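**Student:** One file is attached below, protein-v8.cif, containing mmCIF, C-alpha atoms.
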data_run
#
loop_
_atom_site.group_PDB
_atom_site.id
_atom_site.type_symbol
_atom_site.label_atom_id
_atom_site.label_comp_id
_atom_site.auth_asym_id
_atom_site.auth_seq_id
_atom_site.Cartn_x
_atom_site.Cartn_y
_atom_site.Cartn_z
ATOM 1 C CA MET A 1 14.906 -12.312 0.113
ATOM 2 C CA SER A 2 13.986 -8.850 1.299
ATOM 3 C CA LEU A 3 10.565 -9.513 2.827
ATOM 4 C CA ASP A 4 9.139 -12.376 4.851
ATOM 5 C CA VAL A 5 5.881 -12.721 2.938
ATOM 6 C CA SER A 6 3.149 -14.783 4.546
ATOM 7 C CA PRO A 7 1.346 -17.369 2.415
ATOM 8 C CA ALA A 8 -1.867 -15.337 2.785
ATOM 9 C CA LEU A 9 -0.245 -12.152 1.495
ATOM 10 C CA LEU A 10 1.376 -14.024 -1.366
ATOM 11 C CA GLU A 11 -2.013 -15.509 -2.227
ATOM 12 C CA GLN A 12 -3.510 -11.993 -2.313
ATOM 13 C CA ALA A 13 -0.797 -10.909 -4.731
ATOM 14 C CA GLU A 14 -1.401 -13.931 -6.940
ATOM 15 C CA ARG A 15 -5.139 -13.132 -7.063
ATOM 16 C CA GLY A 16 -4.632 -9.456 -7.918
ATOM 17 C CA GLU A 17 -4.735 -6.426 -5.658
ATOM 18 C CA VAL A 18 -2.965 -6.450 -2.294
ATOM 19 C CA ASP A 19 -4.204 -4.648 0.796
ATOM 20 C CA GLU A 20 -1.589 -1.931 1.359
ATOM 21 C CA ALA A 21 -1.968 -2.051 5.148
ATOM 22 C CA GLU A 22 -1.050 -5.743 5.077
ATOM 23 C CA PHE A 23 1.914 -4.995 2.827
ATOM 24 C CA VAL A 24 3.084 -2.250 5.209
ATOM 25 C CA ASP A 25 2.778 -4.676 8.116
ATOM 26 C CA CYS A 26 4.895 -7.173 6.161
ATOM 27 C CA VAL A 27 7.534 -4.468 5.700
ATOM 28 C CA ARG A 28 7.372 -3.582 9.410
ATOM 29 C CA THR A 29 7.977 -7.162 10.521
ATOM 30 C CA SER A 30 10.484 -8.016 7.779
ATOM 31 C CA LEU A 31 12.647 -4.906 8.060
ATOM 32 C CA PRO A 32 12.474 -3.908 11.742
ATOM 33 C CA PHE A 33 15.638 -1.785 11.771
ATOM 34 C CA ALA A 34 14.513 0.256 8.764
ATOM 35 C CA TRP A 35 10.994 0.545 10.178
ATOM 36 C CA GLU A 36 12.254 1.772 13.542
ATOM 37 C CA MET A 37 14.587 4.304 11.986
ATOM 38 C CA ILE A 38 11.900 5.763 9.741
ATOM 39 C CA SER A 39 9.323 5.709 12.556
ATOM 40 C CA SER A 40 11.656 7.537 14.911
ATOM 41 C CA LEU A 41 12.508 10.157 12.278
ATOM 42 C CA VAL A 42 8.816 10.747 11.604
ATOM 43 C CA ALA A 43 8.239 11.192 15.347
ATOM 44 C CA GLN A 44 11.227 13.540 15.580
ATOM 45 C CA LEU A 45 9.893 15.625 12.691
ATOM 46 C CA LYS A 46 6.478 15.883 14.362
ATOM 47 C CA VAL A 47 7.968 16.907 17.713
ATOM 48 C CA ASP A 48 10.727 19.219 16.498
ATOM 49 C CA GLY A 49 9.053 20.566 13.385
ATOM 50 C CA GLY A 50 11.359 22.084 10.825
ATOM 51 C CA GLU A 51 12.043 21.211 7.232
ATOM 52 C CA PHE A 52 13.205 17.628 7.776
ATOM 53 C CA ALA A 53 14.595 15.074 10.215
ATOM 54 C CA ASP A 54 17.497 12.809 9.320
ATOM 55 C CA ASN A 55 19.757 10.096 10.614
ATOM 56 C CA GLN A 56 23.517 10.457 10.260
ATOM 57 C CA THR A 57 24.592 7.439 12.305
ATOM 58 C CA PRO A 58 25.660 4.392 10.284
ATOM 59 C CA PRO A 59 23.729 1.184 10.984
ATOM 60 C CA PRO A 60 25.264 -1.112 13.609
ATOM 61 C CA ASP A 61 25.888 -3.957 11.153
ATOM 62 C CA GLU A 62 25.481 -5.112 7.568
ATOM 63 C CA GLN A 63 22.096 -6.708 8.254
ATOM 64 C CA ALA A 64 20.712 -3.364 9.405
ATOM 65 C CA ARG A 65 22.330 -1.570 6.459
ATOM 66 C CA GLY A 66 20.759 -4.113 4.118
ATOM 67 C CA GLN A 67 17.332 -3.418 5.582
ATOM 68 C CA LEU A 68 17.679 0.288 4.834
ATOM 69 C CA LEU A 69 18.836 -0.454 1.313
ATOM 70 C CA ARG A 70 15.923 -2.821 0.675
ATOM 71 C CA ALA A 71 13.340 -0.444 2.145
ATOM 72 C CA LEU A 72 14.503 2.636 0.271
ATOM 73 C CA ALA A 73 15.668 1.098 -3.009
ATOM 74 C CA SER A 74 12.333 -0.591 -3.695
ATOM 75 C CA ASP A 75 9.830 1.772 -5.252
ATOM 76 C CA ALA A 76 6.928 -0.302 -3.884
ATOM 77 C CA ILE A 77 8.258 -0.406 -0.315
ATOM 78 C CA ARG A 78 9.382 3.213 -0.301
ATOM 79 C CA GLY A 79 6.072 4.404 -1.741
ATOM 80 C CA ALA A 80 4.048 2.399 0.768
ATOM 81 C CA LEU A 81 6.125 3.768 3.651
ATOM 82 C CA GLN A 82 5.722 7.335 2.399
ATOM 83 C CA ARG A 83 1.953 6.922 2.164
ATOM 84 C CA HIS A 84 1.739 5.172 5.542
ATOM 85 C CA PHE A 85 3.724 7.827 7.411
ATOM 86 C CA GLY A 86 2.572 10.798 5.308
ATOM 87 C CA VAL A 87 6.100 11.953 4.498
ATOM 88 C CA ARG A 88 8.607 12.020 1.660
ATOM 89 C CA LEU A 89 11.731 9.925 2.151
ATOM 90 C CA ALA A 90 15.218 10.767 0.944
ATOM 91 C CA PHE A 91 18.326 8.608 1.160
ATOM 92 C CA GLN A 92 22.112 9.091 0.960
ATOM 93 C CA ASN A 93 25.164 6.903 1.586
ATOM 94 C CA CYS A 94 23.444 3.675 2.574
ATOM 95 C CA HIS A 95 22.370 5.080 5.917
ATOM 96 C CA ARG A 96 21.444 8.753 5.851
ATOM 97 C CA VAL A 97 17.676 8.572 5.774
ATOM 98 C CA ALA A 98 15.681 11.794 5.898
ATOM 99 C CA VAL A 99 11.969 12.418 6.216
ATOM 100 C CA PHE A 100 10.375 15.536 4.776
ATOM 101 C CA PRO A 101 6.788 16.679 5.299
ATOM 102 C CA LEU A 102 4.467 16.605 2.323
ATOM 103 C CA ASP A 103 4.182 20.384 2.582
ATOM 104 C CA SER A 104 5.435 22.002 -0.618
ATOM 105 C CA SER A 105 7.179 24.714 1.418
ATOM 106 C CA VAL A 106 10.110 22.306 1.926
ATOM 107 C CA ASP A 107 10.469 21.376 -1.750
ATOM 108 C CA GLU A 108 13.599 23.504 -2.121
ATOM 109 C CA ARG A 109 15.235 21.878 0.927
ATOM 110 C CA LEU A 110 14.364 18.407 -0.367
ATOM 111 C CA ALA A 111 15.839 19.319 -3.760
ATOM 112 C CA ARG A 112 19.072 20.446 -2.087
ATOM 113 C CA PHE A 113 19.249 17.252 -0.010
ATOM 114 C CA THR A 114 18.746 15.006 -3.036
ATOM 115 C CA SER A 115 20.943 17.003 -5.398
ATOM 116 C CA ILE A 116 24.270 15.884 -6.820
ATOM 117 C CA ARG A 117 25.906 18.615 -4.749
ATOM 118 C CA GLY A 118 24.176 17.350 -1.601
ATOM 119 C CA GLN A 119 25.372 13.827 -2.290
ATOM 120 C CA LEU A 120 28.960 14.958 -2.827
ATOM 121 C CA LEU A 121 28.997 17.115 0.299
ATOM 122 C CA ASN A 122 27.796 14.140 2.336
ATOM 123 C CA GLN A 123 30.839 12.011 1.462
ATOM 124 C CA SER A 124 33.603 11.072 3.851
ATOM 125 C CA PRO A 125 36.338 8.418 3.942
ATOM 126 C CA THR A 126 34.482 6.597 6.740
ATOM 127 C CA LEU A 127 31.515 6.020 4.425
ATOM 128 C CA ARG A 128 33.462 4.432 1.585
ATOM 129 C CA ASP A 129 32.412 0.889 2.493
ATOM 130 C CA CYS A 130 28.694 1.471 2.552
#
In structure tokens, what does this structure look like?
**Tutor:**
Amino acid sequence: MSLDVSPALLEQAERGEVDEAEFVDCVRTSLPFAWEMISSLVAQLKVDGGEFADNQTPPPDEQARGQLLRALASDAIRGALQRHFGVRLAFQNCHRVAVFPLDSSVDERLARFTSIRGQLLNQSPTLRDC
């Protein structure tokens, strides 16, 4: 199971629309490693500016890696995080998370990061098991 969903939140979903803030809080508490990584990258982007901020350090263990995979592979979770933080998220190699501002001036950089070429250039033998 990827999220620890409270009975109240599950009941909301069964009735229809879900409050996105409550969903985001569920993600925050269920996937703390992923939340902290994305939060820190958003803060770094705000402080440093630039086109993007990214993490290149592999997670400390498989549980942490799994959190990143669940957060970024789910369209619903990823979309909610992007809206919550006001950024665009990009992902490579099971751990390289990047945050890009919504500003269209970085569209070309985002396209390079998410390109096939970008993926291939970000490969290394140490990342084969991720």
**Student:** Please expand the PyMOL selection byres ((chain A and resi 63-74) around 7) into the concrete residues it hits in this file, giving the result as an MDAnalysis selection string.
**Tutor:** chainID A and resid 2 31 33:34 59:62 75:78 94:95
**Student:** As a PyMOL selection string, please: the residues near stretch 3-19 of chain A (cut-off 9 Å, all atoms listed in the file, same-chain neighbours under 4 positions excluded).
**Tutor:** chain A and resi 23-24+26-27+29-31+70
**Student:** Those same residues, written as a short mmCIF file (atom, residue, chain, number, x, y, z; two decimals), in the frame of the given file with C-alpha atoms?
**Tutor:**
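Output file result.cif follows:
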data_model
loop_
_atom_site.label_atom_id
_atom_site.label_comp_id
_atom_site.auth_asym_id
_atom_site.auth_seq_id
_atom_site.Cartn_x
_atom_site.Cartn_y
_atom_site.Cartn_z
CA PHE A 23 1.91 -5.00 2.83
CA VAL A 24 3.08 -2.25 5.21
CA CYS A 26 4.89 -7.17 6.16
CA VAL A 27 7.53 -4.47 5.70
CA THR A 29 7.98 -7.16 10.52
CA SER A 30 10.48 -8.02 7.78
CA LEU A 31 12.65 -4.91 8.06
CA ARG A 70 15.92 -2.82 0.68
#
**Student:** Rounded to one decimal place, report the atom CA of A:Ala43-atom CA of A:Asp25 distance in Å.
**Tutor:** 18.3 Å
**Student:** Using all atoms listed in the file, find the one residue out of A:Arg117, A:Ala98, A:Val42, A:Val106 that sits nearest to A:Thr57.
**Tutor:**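 Among A:Arg117, A:Ala98, A:Val42, A:Val106, it is A:Ala98 that comes nearest to A:Thr57.
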**Student:** Mind giving me the straight-line distance from atom CA of A:Glu22 to atom CA of A:Leu45 in Å, one decimal?
**Tutor:**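 Atom CA of A:Leu45 lies at a distance of 25.2 Å from atom CA of A:Glu22.
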**Student:** Using all atoms listed in the file, pick whichever of A:Val99, A:Ala80, A:Val87, A:Ala21 has the shortest atom-to-atom distance to A:Met37.
**Tutor:** A:Val99
**Student:** Leaving out A:Lys46 and any residue of its chain fewer than 4 positions from it, which residues lie within 12 Å of it when counting all atoms listed in the file, given as a PDB file with C-alpha atoms, in the coordinates of the input?
**Tutor:**
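Result file follows (around-v7.pdb):
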ATOM      1  CA  SER A  39       9.323   5.709  12.556  1.00  0.00           C
ATOM      2  CA  SER A  40      11.656   7.537  14.911  1.00  0.00           C
ATOM      3  CA  LEU A  41      12.508  10.157  12.278  1.00  0.00           C
ATOM      4  CA  VAL A  42       8.816  10.747  11.604  1.00  0.00           C
ATOM      5  CA  GLY A  50      11.359  22.084  10.825  1.00  0.00           C
ATOM      6  CA  GLU A  51      12.043  21.211   7.232  1.00  0.00           C
ATOM      7  CA  PHE A  52      13.205  17.628   7.776  1.00  0.00           C
ATOM      8  CA  ALA A  53      14.595  15.074  10.215  1.00  0.00           C
ATOM      9  CA  PHE A  85       3.724   7.827   7.411  1.00  0.00           C
ATOM     10  CA  GLY A  86       2.572  10.798   5.308  1.00  0.00           C
ATOM     11  CA  VAL A  87       6.100  11.953   4.498  1.00  0.00           C
ATOM     12  CA  VAL A  99      11.969  12.418   6.216  1.00  0.00           C
ATOM     13  CA  PHE A 100      10.375  15.536   4.776  1.00  0.00           C
ATOM     14  CA  PRO A 101       6.788  16.679   5.299  1.00  0.00           C
TER      15      PRO A 101
END
**Student:** In Å, how far is it from atom CA of A:Glu20 to atom CA of A:Val47?
**Tutor:** 26.7 Å
**Student:** Taking into account all atoms listed in the file, which residue in the set A:Asp54, A:Asp48, A:Glu36, A:Asp107 is nearest to A:Leu81?
**Tutor:** A:Glu36
**Student:** Given 3 Å on each side, where is the centre and what are the edge lengths in Å to one decimal of the axis-aligned box enclosing the listed atoms of stretch 98-106 of chain A, as JSON?
**Tutor:**
{"center_x": 9.9, "center_y": 18.3, "center_z": 2.8, "size_x": 17.5, "size_y": 18.9, "size_z": 12.8}
**Student:** Care to translate the PyMOL selection byres ((chain A and resi 90) around 8) into actual residues of this file, as a VMD selection string?
**Tutor:** chain A and resid 88 to 89 91 to 92 97 to 100 110 113 to 114
